[in-house]
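Shown next: input.pdb, given as PDB, C-alpha atoms.
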```
MODEL        1
ATOM      1  CA  MET O   1      -6.967   5.165 -15.065  1.00  0.00           C
ATOM      2  CA  PHE O   2      -8.620   8.504 -14.363  1.00  0.00           C
ATOM      3  CA  ASN O   3      -5.977  11.205 -14.522  1.00  0.00           C
ATOM      4  CA  GLY O   4      -8.060  14.358 -14.359  1.00  0.00           C
ATOM      5  CA  LYS O   5      -7.770  14.886 -18.122  1.00  0.00           C
ATOM      6  CA  SER O   6     -10.288  12.249 -19.181  1.00  0.00           C
ATOM      7  CA  ASP O   7     -13.295  14.511 -18.629  1.00  0.00           C
ATOM      8  CA  LEU O   8     -14.739  15.558 -21.951  1.00  0.00           C
ATOM      9  CA  LEU O   9     -14.920  19.244 -22.746  1.00  0.00           C
ATOM     10  CA  THR O  10     -18.107  21.096 -21.880  1.00  0.00           C
ATOM     11  CA  ALA O  11     -19.071  24.750 -21.957  1.00  0.00           C
ATOM     12  CA  GLU O  12     -19.226  24.557 -18.181  1.00  0.00           C
ATOM     13  CA  ASN O  13     -15.679  23.288 -17.588  1.00  0.00           C
ATOM     14  CA  SER O  14     -13.671  25.120 -20.261  1.00  0.00           C
ATOM     15  CA  ALA O  15     -12.891  28.518 -21.760  1.00  0.00           C
ATOM     16  CA  VAL O  16     -11.967  29.415 -25.329  1.00  0.00           C
ATOM     17  CA  ILE O  17      -8.969  31.682 -25.984  1.00  0.00           C
ATOM     18  CA  LEU O  18      -8.084  33.221 -29.348  1.00  0.00           C
ATOM     19  CA  VAL O  19      -4.624  34.757 -29.493  1.00  0.00           C
ATOM     20  CA  ASP O  20      -3.391  37.220 -32.122  1.00  0.00           C
ATOM     21  CA  HIS O  21      -5.614  36.422 -35.088  1.00  0.00           C
ATOM     22  CA  GLN O  22      -4.574  39.649 -36.803  1.00  0.00           C
ATOM     23  CA  PRO O  23      -3.594  40.644 -40.370  1.00  0.00           C
ATOM     24  CA  GLN O  24       0.124  41.089 -39.759  1.00  0.00           C
ATOM     25  CA  MET O  25       0.325  37.703 -38.039  1.00  0.00           C
ATOM     26  CA  LEU O  26      -1.653  36.039 -40.822  1.00  0.00           C
ATOM     27  CA  PHE O  27       0.723  37.459 -43.460  1.00  0.00           C
ATOM     28  CA  GLY O  28       3.498  35.256 -42.097  1.00  0.00           C
ATOM     29  CA  VAL O  29       1.499  32.018 -41.989  1.00  0.00           C
ATOM     30  CA  GLN O  30       2.624  29.369 -44.465  1.00  0.00           C
ATOM     31  CA  SER O  31       1.594  26.148 -42.726  1.00  0.00           C
ATOM     32  CA  ALA O  32      -2.002  26.061 -43.998  1.00  0.00           C
ATOM     33  CA  ASP O  33      -4.402  27.959 -46.202  1.00  0.00           C
ATOM     34  CA  ARG O  34      -4.927  31.325 -44.550  1.00  0.00           C
ATOM     35  CA  GLN O  35      -8.589  31.696 -45.428  1.00  0.00           C
ATOM     36  CA  THR O  36      -9.257  28.246 -43.994  1.00  0.00           C
ATOM     37  CA  ILE O  37      -7.581  29.254 -40.739  1.00  0.00           C
ATOM     38  CA  ILE O  38      -9.800  32.332 -40.526  1.00  0.00           C
ATOM     39  CA  SER O  39     -12.920  30.260 -41.233  1.00  0.00           C
ATOM     40  CA  ASN O  40     -11.941  27.672 -38.633  1.00  0.00           C
ATOM     41  CA  THR O  41     -11.246  30.362 -36.044  1.00  0.00           C
ATOM     42  CA  VAL O  42     -14.596  32.035 -36.687  1.00  0.00           C
ATOM     43  CA  ALA O  43     -16.268  28.635 -36.299  1.00  0.00           C
ATOM     44  CA  LEU O  44     -14.529  28.182 -32.957  1.00  0.00           C
ATOM     45  CA  ALA O  45     -15.664  31.633 -31.835  1.00  0.00           C
ATOM     46  CA  LYS O  46     -19.238  30.840 -32.879  1.00  0.00           C
ATOM     47  CA  THR O  47     -19.034  27.581 -30.947  1.00  0.00           C
ATOM     48  CA  ALA O  48     -18.161  29.472 -27.776  1.00  0.00           C
ATOM     49  CA  LYS O  49     -21.032  31.883 -28.363  1.00  0.00           C
ATOM     50  CA  VAL O  50     -23.666  29.232 -29.057  1.00  0.00           C
ATOM     51  CA  PHE O  51     -22.781  27.299 -25.916  1.00  0.00           C
ATOM     52  CA  ASN O  52     -22.171  30.420 -23.813  1.00  0.00           C
ATOM     53  CA  ALA O  53     -18.630  29.343 -22.954  1.00  0.00           C
ATOM     54  CA  PRO O  54     -16.265  32.056 -21.719  1.00  0.00           C
ATOM     55  CA  ILE O  55     -14.077  33.453 -24.485  1.00  0.00           C
ATOM     56  CA  ILE O  56     -10.976  35.620 -24.283  1.00  0.00           C
ATOM     57  CA  LEU O  57      -9.789  37.594 -27.294  1.00  0.00           C
ATOM     58  CA  THR O  58      -6.281  38.993 -27.258  1.00  0.00           C
ATOM     59  CA  THR O  59      -4.066  40.867 -29.700  1.00  0.00           C
ATOM     60  CA  VAL O  60      -0.455  41.989 -29.829  1.00  0.00           C
ATOM     61  CA  ALA O  61       0.492  45.551 -30.776  1.00  0.00           C
ATOM     62  CA  ALA O  62      -2.827  46.036 -32.528  1.00  0.00           C
ATOM     63  CA  GLU O  63      -2.438  49.767 -33.131  1.00  0.00           C
ATOM     64  CA  SER O  64       1.273  49.957 -33.839  1.00  0.00           C
ATOM     65  CA  PHE O  65       2.089  46.838 -35.862  1.00  0.00           C
ATOM     66  CA  SER O  66      -0.234  43.843 -36.160  1.00  0.00           C
ATOM     67  CA  GLY O  67      -3.601  45.439 -36.885  1.00  0.00           C
ATOM     68  CA  PRO O  68      -6.985  44.681 -35.329  1.00  0.00           C
ATOM     69  CA  ILE O  69      -8.386  41.249 -34.666  1.00  0.00           C
ATOM     70  CA  HIS O  70      -9.900  39.848 -37.873  1.00  0.00           C
ATOM     71  CA  PRO O  71     -13.302  41.510 -38.330  1.00  0.00           C
ATOM     72  CA  GLN O  72     -15.004  38.162 -38.920  1.00  0.00           C
ATOM     73  CA  ILE O  73     -14.032  37.164 -35.373  1.00  0.00           C
ATOM     74  CA  GLN O  74     -14.905  40.525 -33.866  1.00  0.00           C
ATOM     75  CA  ASP O  75     -18.322  40.339 -35.536  1.00  0.00           C
ATOM     76  CA  VAL O  76     -19.136  37.258 -33.445  1.00  0.00           C
ATOM     77  CA  PHE O  77     -18.449  39.249 -30.273  1.00  0.00           C
ATOM     78  CA  PRO O  78     -18.963  42.870 -31.375  1.00  0.00           C
ATOM     79  CA  ASP O  79     -19.022  44.258 -27.830  1.00  0.00           C
ATOM     80  CA  GLN O  80     -15.917  42.467 -26.553  1.00  0.00           C
ATOM     81  CA  LYS O  81     -12.682  44.428 -26.714  1.00  0.00           C
ATOM     82  CA  PRO O  82      -9.606  42.239 -27.200  1.00  0.00           C
ATOM     83  CA  ILE O  83      -6.871  42.449 -24.588  1.00  0.00           C
ATOM     84  CA  ASP O  84      -3.952  44.122 -26.331  1.00  0.00           C
ATOM     85  CA  ARG O  85      -0.403  43.236 -25.266  1.00  0.00           C
ATOM     86  CA  THR O  86       3.197  43.991 -26.105  1.00  0.00           C
ATOM     87  CA  ASN O  87       4.713  40.636 -25.144  1.00  0.00           C
ATOM     88  CA  MET O  88       4.780  37.514 -27.280  1.00  0.00           C
ATOM     89  CA  ASN O  89       3.799  35.234 -24.410  1.00  0.00           C
ATOM     90  CA  SER O  90       0.299  36.232 -23.385  1.00  0.00           C
ATOM     91  CA  TRP O  91       0.805  34.342 -20.108  1.00  0.00           C
ATOM     92  CA  GLU O  92       3.260  37.068 -19.112  1.00  0.00           C
ATOM     93  CA  ASP O  93       0.553  39.741 -19.418  1.00  0.00           C
ATOM     94  CA  GLU O  94      -1.215  40.488 -16.136  1.00  0.00           C
ATOM     95  CA  ASN O  95      -4.487  41.520 -17.764  1.00  0.00           C
ATOM     96  CA  PHE O  96      -4.624  38.335 -19.803  1.00  0.00           C
ATOM     97  CA  VAL O  97      -3.877  36.012 -16.884  1.00  0.00           C
ATOM     98  CA  SER O  98      -6.427  37.883 -14.774  1.00  0.00           C
ATOM     99  CA  ALA O  99      -9.052  37.326 -17.469  1.00  0.00           C
ATOM    100  CA  VAL O 100      -8.238  33.613 -17.552  1.00  0.00           C
ATOM    101  CA  LYS O 101      -8.582  33.341 -13.788  1.00  0.00           C
ATOM    102  CA  GLN O 102     -11.900  35.195 -13.870  1.00  0.00           C
ATOM    103  CA  THR O 103     -13.389  32.467 -16.072  1.00  0.00           C
ATOM    104  CA  GLY O 104     -12.951  30.006 -13.226  1.00  0.00           C
ATOM    105  CA  ARG O 105     -12.072  27.296 -15.744  1.00  0.00           C
ATOM    106  CA  LYS O 106      -9.041  25.013 -15.624  1.00  0.00           C
ATOM    107  CA  LYS O 107      -9.491  23.654 -19.150  1.00  0.00           C
ATOM    108  CA  LEU O 108      -8.317  26.160 -21.746  1.00  0.00           C
ATOM    109  CA  ILE O 109      -9.087  25.719 -25.448  1.00  0.00           C
ATOM    110  CA  MET O 110      -6.496  27.815 -27.262  1.00  0.00           C
ATOM    111  CA  ALA O 111      -5.750  28.807 -30.845  1.00  0.00           C
ATOM    112  CA  ALA O 112      -3.212  31.371 -32.033  1.00  0.00           C
ATOM    113  CA  LEU O 113      -1.051  32.876 -34.736  1.00  0.00           C
ATOM    114  CA  TRP O 114       1.725  31.860 -34.785  1.00  0.00           C
ATOM    115  CA  THR O 115       1.725  28.288 -33.504  1.00  0.00           C
ATOM    116  CA  GLU O 116       5.407  28.277 -32.607  1.00  0.00           C
ATOM    117  CA  VAL O 117       5.240  31.506 -30.599  1.00  0.00           C
ATOM    118  CA  CYS O 118       1.862  32.869 -29.571  1.00  0.00           C
ATOM    119  CA  LEU O 119       0.360  29.427 -29.014  1.00  0.00           C
ATOM    120  CA  ALA O 120       3.378  27.484 -27.778  1.00  0.00           C
ATOM    121  CA  PHE O 121       4.619  29.995 -25.212  1.00  0.00           C
ATOM    122  CA  PRO O 122       1.371  30.508 -23.227  1.00  0.00           C
ATOM    123  CA  THR O 123       0.469  26.835 -23.585  1.00  0.00           C
ATOM    124  CA  VAL O 124       3.696  25.692 -21.929  1.00  0.00           C
ATOM    125  CA  SER O 125       3.357  28.410 -19.279  1.00  0.00           C
ATOM    126  CA  ALA O 126      -0.294  27.618 -18.501  1.00  0.00           C
ATOM    127  CA  ILE O 127       0.405  23.897 -18.191  1.00  0.00           C
ATOM    128  CA  LYS O 128       3.194  24.662 -15.740  1.00  0.00           C
ATOM    129  CA  ASP O 129       0.687  26.675 -13.696  1.00  0.00           C
ATOM    130  CA  GLY O 130      -1.701  23.746 -13.472  1.00  0.00           C
ATOM    131  CA  TYR O 131      -4.069  24.311 -16.397  1.00  0.00           C
ATOM    132  CA  GLU O 132      -5.162  21.740 -18.966  1.00  0.00           C
ATOM    133  CA  VAL O 133      -4.603  23.201 -22.408  1.00  0.00           C
ATOM    134  CA  TYR O 134      -6.350  21.983 -25.537  1.00  0.00           C
ATOM    135  CA  ILE O 135      -4.632  23.359 -28.645  1.00  0.00           C
ATOM    136  CA  VAL O 136      -6.858  23.871 -31.690  1.00  0.00           C
ATOM    137  CA  THR O 137      -4.385  23.010 -34.403  1.00  0.00           C
ATOM    138  CA  ASP O 138      -6.546  23.897 -37.405  1.00  0.00           C
ATOM    139  CA  ALA O 139      -7.373  27.371 -36.043  1.00  0.00           C
ATOM    140  CA  SER O 140      -3.662  28.064 -35.590  1.00  0.00           C
ATOM    141  CA  GLY O 141      -0.867  28.551 -38.098  1.00  0.00           C
ATOM    142  CA  GLY O 142       2.910  28.756 -38.214  1.00  0.00           C
ATOM    143  CA  THR O 143       5.453  30.474 -40.416  1.00  0.00           C
ATOM    144  CA  THR O 144       6.235  27.127 -42.048  1.00  0.00           C
ATOM    145  CA  THR O 145       4.711  23.659 -41.916  1.00  0.00           C
ATOM    146  CA  GLU O 146       7.749  22.477 -39.988  1.00  0.00           C
ATOM    147  CA  ALA O 147       7.444  25.336 -37.487  1.00  0.00           C
ATOM    148  CA  HIS O 148       3.776  24.494 -36.897  1.00  0.00           C
ATOM    149  CA  ASP O 149       4.388  20.748 -36.598  1.00  0.00           C
ATOM    150  CA  MET O 150       7.394  21.079 -34.301  1.00  0.00           C
ATOM    151  CA  ALA O 151       5.476  23.501 -32.070  1.00  0.00           C
ATOM    152  CA  VAL O 152       2.567  21.062 -31.833  1.00  0.00           C
ATOM    153  CA  GLN O 153       4.988  18.301 -30.875  1.00  0.00           C
ATOM    154  CA  ARG O 154       6.594  20.529 -28.278  1.00  0.00           C
ATOM    155  CA  MET O 155       3.244  21.362 -26.710  1.00  0.00           C
ATOM    156  CA  ILE O 156       2.104  17.744 -26.694  1.00  0.00           C
ATOM    157  CA  GLN O 157       5.344  16.753 -24.964  1.00  0.00           C
ATOM    158  CA  ALA O 158       4.606  19.445 -22.375  1.00  0.00           C
ATOM    159  CA  GLY O 159       1.152  17.947 -21.799  1.00  0.00           C
ATOM    160  CA  ALA O 160      -1.125  19.795 -24.222  1.00  0.00           C
ATOM    161  CA  ILE O 161      -4.025  17.986 -25.878  1.00  0.00           C
ATOM    162  CA  PRO O 162      -4.471  18.570 -29.639  1.00  0.00           C
ATOM    163  CA  VAL O 163      -8.005  19.107 -30.961  1.00  0.00           C
ATOM    164  CA  THR O 164      -9.708  20.641 -33.990  1.00  0.00           C
ATOM    165  CA  TRP O 165     -12.496  23.207 -34.060  1.00  0.00           C
ATOM    166  CA  MET O 166     -15.021  20.618 -35.248  1.00  0.00           C
ATOM    167  CA  SER O 167     -14.134  18.244 -32.436  1.00  0.00           C
ATOM    168  CA  VAL O 168     -14.738  21.069 -29.931  1.00  0.00           C
ATOM    169  CA  LEU O 169     -18.112  21.880 -31.517  1.00  0.00           C
ATOM    170  CA  LEU O 170     -19.293  18.279 -31.435  1.00  0.00           C
ATOM    171  CA  GLU O 171     -17.815  17.611 -27.994  1.00  0.00           C
ATOM    172  CA  TYR O 172     -19.798  20.548 -26.640  1.00  0.00           C
ATOM    173  CA  GLN O 173     -22.981  19.327 -28.376  1.00  0.00           C
ATOM    174  CA  ARG O 174     -22.394  15.675 -27.477  1.00  0.00           C
ATOM    175  CA  ASP O 175     -26.015  14.596 -28.005  1.00  0.00           C
ATOM    176  CA  TRP O 176     -28.269  15.532 -30.939  1.00  0.00           C
ATOM    177  CA  ALA O 177     -31.192  15.424 -28.507  1.00  0.00           C
ATOM    178  CA  HIS O 178     -29.951  18.718 -27.047  1.00  0.00           C
ATOM    179  CA  GLN O 179     -32.406  20.737 -29.089  1.00  0.00           C
ATOM    180  CA  GLU O 180     -31.516  24.105 -27.553  1.00  0.00           C
ATOM    181  CA  THR O 181     -28.250  24.172 -29.513  1.00  0.00           C
ATOM    182  CA  TYR O 182     -29.096  21.717 -32.307  1.00  0.00           C
ATOM    183  CA  ASP O 183     -29.978  24.189 -35.060  1.00  0.00           C
ATOM    184  CA  ALA O 184     -27.108  26.549 -34.260  1.00  0.00           C
ATOM    185  CA  VAL O 185     -24.576  23.704 -34.302  1.00  0.00           C
ATOM    186  CA  LEU O 186     -25.786  22.538 -37.695  1.00  0.00           C
ATOM    187  CA  GLU O 187     -25.597  26.114 -38.977  1.00  0.00           C
ATOM    188  CA  ILE O 188     -21.958  26.399 -37.880  1.00  0.00           C
ATOM    189  CA  ALA O 189     -21.189  23.053 -39.504  1.00  0.00           C
ATOM    190  CA  MET O 190     -22.883  24.090 -42.741  1.00  0.00           C
ATOM    191  CA  GLN O 191     -21.044  27.407 -42.897  1.00  0.00           C
ATOM    192  CA  HIS O 192     -17.593  26.208 -41.905  1.00  0.00           C
ATOM    193  CA  GLY O 193     -17.571  22.404 -42.063  1.00  0.00           C
ATOM    194  CA  GLY O 194     -16.465  21.853 -45.647  1.00  0.00           C
ATOM    195  CA  SER O 195     -17.695  18.553 -47.080  1.00  0.00           C
ATOM    196  CA  TYR O 196     -19.476  17.663 -43.827  1.00  0.00           C
ATOM    197  CA  GLY O 197     -21.361  20.946 -44.019  1.00  0.00           C
ATOM    198  CA  ALA O 198     -22.190  20.351 -47.674  1.00  0.00           C
ATOM    199  CA  GLY O 199     -23.521  16.932 -46.730  1.00  0.00           C
ATOM    200  CA  ILE O 200     -25.834  18.466 -44.152  1.00  0.00           C
ATOM    201  CA  VAL O 201     -27.143  20.970 -46.696  1.00  0.00           C
ATOM    202  CA  TYR O 202     -27.739  18.160 -49.187  1.00  0.00           C
ATOM    203  CA  ALA O 203     -29.502  15.914 -46.680  1.00  0.00           C
ATOM    204  CA  GLN O 204     -31.749  18.695 -45.427  1.00  0.00           C
ATOM    205  CA  THR O 205     -32.596  19.960 -48.897  1.00  0.00           C
ATOM    206  CA  MET O 206     -33.147  16.655 -50.638  1.00  0.00           C
ATOM    207  CA  PHE O 207     -34.539  14.459 -47.883  1.00  0.00           C
ATOM    208  CA  GLY O 208     -35.353  16.690 -44.932  1.00  0.00           C
ATOM    209  CA  GLY O 209     -32.479  14.926 -43.191  1.00  0.00           C
ATOM    210  CA  HIS O 210     -32.020  15.181 -39.449  1.00  0.00           C
ATOM    211  CA  GLU O 211     -29.101  14.057 -37.327  1.00  0.00           C
TER
ENDMDL
END
```

Step by step, read the file and then write its structure as structure tokens.
Amino acid sequence: MFNGKSDLLTAENSAVILVDHQPQMLFGVQSADRQTIISNTVALAKTAKVFNAPIILTTVAAESFSGPIHPQIQDVFPDQKPIDRTNMNSWEDENFVSAVKQTGRKKLIMAALWTEVCLAFPTVSAIKDGYEVYIVTDASGGTTTEAHDMAVQRMIQAGAIPVTWMSVLLEYQRDWAHQETYDAVLEIAMQHGGSYGAGIVYAQTMFGGHE
């Protein structure tokens, strides 16, 4: 039965939101390899850029405590200033919520540090306000594996939909016949896609492979 959430993600019906990917927040992450989280988050940011999807960058106490957004992410959007906040729940920040509304999108693709706080709190709040939230679990991290996993369960119970950065990339692309984004998508996959990316490099180098 169609329930309003069965529409696949597109760059035209969704926005990407990256919350608090900052050094101080990353220091406390123990649920996954930290460098992998950074790589995955950069891949997600590149996905938004390639498909021209709206993206919101936000930080917490950037100048006084947590440090700037990771430079690898800022480099993808060098002219976009992150929205800095003081509260843990970005949904309680007027500037942030205003930015979300300005995208005109009801599907929000969100990743954050930490999962149990900076992702869980706005996810639950946004769902309550009528948004569909897709949580990018591998571009988020918690203070422990249990904290991350329990937060993911909490958000799913509240109605969130778990995804990974690669699933977002390929859901946006959808069809390899879309040549306008084909090369850029493969480049993201090669740079950040681990064994899948290595396979693409091998196929292209050895056999001139094409999806």

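With distances restricted to all atoms listed in the file, O:Ala61 is the closest residue to Met88 of chain O from O:Leu9, O:Ala61, O:Ile37, O:Ala189.
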
If I wrap all listed atoms of segment 68-86 of chain O in a box with edges along x, y and z and add 5 Å on each side, what are its centre and edge lengths in Å to one decimal, as lines of an AutoDock Vina configuration file?
```
center_x = -8.0
center_y = 40.9
center_z = -31.8
size_x = 32.3
size_y = 17.5
size_z = 24.3
```

- Which of these residues is nearest to Asn87 of chain O, using only C-alpha atoms: O:Asp129, O:Ile135, O:Ala48, O:Val19?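 Between O:Asp129, O:Ile135, O:Ala48, O:Val19, the residue approaching Asn87 of chain O most closely is O:Val19.
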
- Residues selected by the PyMOL selection byres ((chain O and resi 69) around 12), written as a VMD selection string: chain O and resid 18 to 26 38 41 to 42 57 to 63 65 to 68 70 to 78 80 to 84 112 to 113

- Query: Mind pulling up the distance from atom CA of Thr10 of chain O to atom CA of Ile161 of chain O?
  - Reply: 15.0 Å

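Using the PyMOL selection byres ((chain O and resi 14) around 6) on this structure selects Ala11, Glu12, Asn13, Ala15, Arg105, Lys107 and Leu108 of chain O.
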
Written file, previous selection with C-alpha atoms, as a compact mmCIF listing (two decimals), in the frame of the given file:
```txt
# COMPACT_ATOMS: atom_id res chain seq x y z
CA ALA O 11 -19.07 24.75 -21.96
CA GLU O 12 -19.23 24.56 -18.18
CA ASN O 13 -15.68 23.29 -17.59
CA ALA O 15 -12.89 28.52 -21.76
CA ARG O 105 -12.07 27.30 -15.74
CA LYS O 107 -9.49 23.65 -19.15
CA LEU O 108 -8.32 26.16 -21.75
```

- Using atom CA of Ile156 of chain O and atom CA of Val185 of chain O as the two end points, give the distance in Å to one decimal.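 Pair atom CA of Ile156 of chain O / atom CA of Val185 of chain O returns 28.4 Å.
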
- Excluding Thr164 of chain O and any residue of its chain fewer than 5 positions from it, enumerate the residues within 6 Å of it, using only C-alpha atoms, and give them as number ranges by chain. O: 136-138

Can I get the selection written as an mmCIF file, in the coordinates of the input, with C-alpha atoms?
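Once written, result-v3.cif looks like this:
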```cif
data_model
loop_
_atom_site.group_PDB
_atom_site.id
_atom_site.type_symbol
_atom_site.label_atom_id
_atom_site.label_comp_id
_atom_site.auth_asym_id
_atom_site.auth_seq_id
_atom_site.Cartn_x
_atom_site.Cartn_y
_atom_site.Cartn_z
ATOM 1 C CA VAL O 136 -6.858 23.871 -31.690
ATOM 2 C CA THR O 137 -4.385 23.010 -34.403
ATOM 3 C CA ASP O 138 -6.546 23.897 -37.405
#
```

- Query: atom CA of Pro122 of chain O and atom CA of Ser90 of chain O, how far apart in Å?
  - Reply: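 It comes out at 5.8 Å.
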
- Item | Counting only C-alpha atoms, the residue of O:Ala120, O:Ala158, O:Val97, O:Ala184 that sits nearest Lys49 of chain O |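 Smallest separation from Lys49 of chain O among the options: O:Ala184.
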
- Item | Residue nearest Val16 of chain O among O:Ile109, O:Thr86, O:Gln30, O:Asn40 (counting only C-alpha atoms) |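 So, comparing all the options, the nearest one is O:Ile109.
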
- Message: Give me the residues near Tyr172 of chain O as a PyMOL selection string, where near means some atom within 9 Å (using only C-alpha atoms) and where sequence neighbours in that chain fewer than 2 positions away do not count.
- Response: chain O and resi 8-11+47+51+167-170+174-175

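Applied to this file, the PyMOL selection byres ((chain O and resi 191) around 12) selects the residues Thr36, Ser39, Asn40, Val42, Ala43, Leu44, Lys46, Met166, Ala184, Val185, Leu186, Glu187, Ile188, Ala189, Met190, His192, Gly193, Gly194, Ser195, Tyr196, Gly197, Ala198, Gly199, Ile200 and Val201 of chain O.
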
- Message: Here is a test: counting only C-alpha atoms, which residue of O:Ala160, O:Met110, O:Cys118, O:Val152 is nearest to Gly130 of chain O?
- Response: O:Ala160

Quick one: segment 190-197 of chain O from the block, all heavy atoms, as a PDB file, in the first residue's frame.
```
ATOM      1  N   MET O 190      34.706   5.509  -6.878  1.00  0.00           N
ATOM      2  CA  MET O 190      36.108   5.099  -6.900  1.00  0.00           C
ATOM      3  C   MET O 190      36.883   5.697  -5.728  1.00  0.00           C
ATOM      4  O   MET O 190      37.746   5.045  -5.141  1.00  0.00           O
ATOM      5  CB  MET O 190      36.753   5.505  -8.228  1.00  0.00           C
ATOM      6  CG  MET O 190      36.346   4.616  -9.395  1.00  0.00           C
ATOM      7  SD  MET O 190      37.301   4.924 -10.909  1.00  0.00           S
ATOM      8  CE  MET O 190      36.668   6.533 -11.402  1.00  0.00           C
ATOM      9  N   GLN O 191      36.576   6.926  -5.372  1.00  0.00           N
ATOM     10  CA  GLN O 191      37.300   7.594  -4.299  1.00  0.00           C
ATOM     11  C   GLN O 191      36.885   7.129  -2.912  1.00  0.00           C
ATOM     12  O   GLN O 191      37.706   7.097  -1.990  1.00  0.00           O
ATOM     13  CB  GLN O 191      37.094   9.110  -4.407  1.00  0.00           C
ATOM     14  CG  GLN O 191      37.767   9.744  -5.603  1.00  0.00           C
ATOM     15  CD  GLN O 191      37.520  11.232  -5.672  1.00  0.00           C
ATOM     16  OE1 GLN O 191      36.803  11.807  -4.848  1.00  0.00           O
ATOM     17  NE2 GLN O 191      38.110  11.877  -6.665  1.00  0.00           N
ATOM     18  N   HIS O 192      35.620   6.782  -2.754  1.00  0.00           N
ATOM     19  CA  HIS O 192      35.092   6.528  -1.414  1.00  0.00           C
ATOM     20  C   HIS O 192      34.410   5.166  -1.258  1.00  0.00           C
ATOM     21  O   HIS O 192      33.970   4.844  -0.153  1.00  0.00           O
ATOM     22  CB  HIS O 192      34.082   7.623  -1.044  1.00  0.00           C
ATOM     23  CG  HIS O 192      34.648   9.009  -1.103  1.00  0.00           C
ATOM     24  ND1 HIS O 192      35.405   9.543  -0.082  1.00  0.00           N
ATOM     25  CD2 HIS O 192      34.581   9.962  -2.064  1.00  0.00           C
ATOM     26  CE1 HIS O 192      35.765  10.780  -0.411  1.00  0.00           C
ATOM     27  NE2 HIS O 192      35.288  11.056  -1.603  1.00  0.00           N
ATOM     28  N   GLY O 193      34.330   4.396  -2.323  1.00  0.00           N
ATOM     29  CA  GLY O 193      33.512   3.182  -2.307  1.00  0.00           C
ATOM     30  C   GLY O 193      34.211   1.902  -1.916  1.00  0.00           C
ATOM     31  O   GLY O 193      33.658   0.813  -2.125  1.00  0.00           O
ATOM     32  N   GLY O 194      35.411   1.993  -1.366  1.00  0.00           N
ATOM     33  CA  GLY O 194      36.090   0.786  -0.898  1.00  0.00           C
ATOM     34  C   GLY O 194      36.287  -0.241  -1.994  1.00  0.00           C
ATOM     35  O   GLY O 194      36.769   0.082  -3.089  1.00  0.00           O
ATOM     36  N   SER O 195      35.901  -1.487  -1.731  1.00  0.00           N
ATOM     37  CA  SER O 195      36.131  -2.564  -2.696  1.00  0.00           C
ATOM     38  C   SER O 195      35.327  -2.351  -3.972  1.00  0.00           C
ATOM     39  O   SER O 195      35.776  -2.713  -5.067  1.00  0.00           O
ATOM     40  CB  SER O 195      35.773  -3.922  -2.067  1.00  0.00           C
ATOM     41  OG  SER O 195      34.426  -3.938  -1.623  1.00  0.00           O
ATOM     42  N   TYR O 196      34.143  -1.767  -3.861  1.00  0.00           N
ATOM     43  CA  TYR O 196      33.348  -1.465  -5.063  1.00  0.00           C
ATOM     44  C   TYR O 196      34.105  -0.470  -5.938  1.00  0.00           C
ATOM     45  O   TYR O 196      34.205  -0.633  -7.158  1.00  0.00           O
ATOM     46  CB  TYR O 196      31.985  -0.915  -4.669  1.00  0.00           C
ATOM     47  CG  TYR O 196      31.127  -0.447  -5.831  1.00  0.00           C
ATOM     48  CD1 TYR O 196      30.867  -1.281  -6.911  1.00  0.00           C
ATOM     49  CD2 TYR O 196      30.568   0.824  -5.838  1.00  0.00           C
ATOM     50  CE1 TYR O 196      30.081  -0.854  -7.977  1.00  0.00           C
ATOM     51  CE2 TYR O 196      29.773   1.262  -6.893  1.00  0.00           C
ATOM     52  CZ  TYR O 196      29.536   0.415  -7.960  1.00  0.00           C
ATOM     53  OH  TYR O 196      28.756   0.846  -9.012  1.00  0.00           O
ATOM     54  N   GLY O 197      34.656   0.564  -5.298  1.00  0.00           N
ATOM     55  CA  GLY O 197      35.435   1.544  -6.040  1.00  0.00           C
ATOM     56  C   GLY O 197      36.663   0.928  -6.678  1.00  0.00           C
ATOM     57  O   GLY O 197      37.000   1.244  -7.827  1.00  0.00           O
TER      58      GLY O 197
END
```
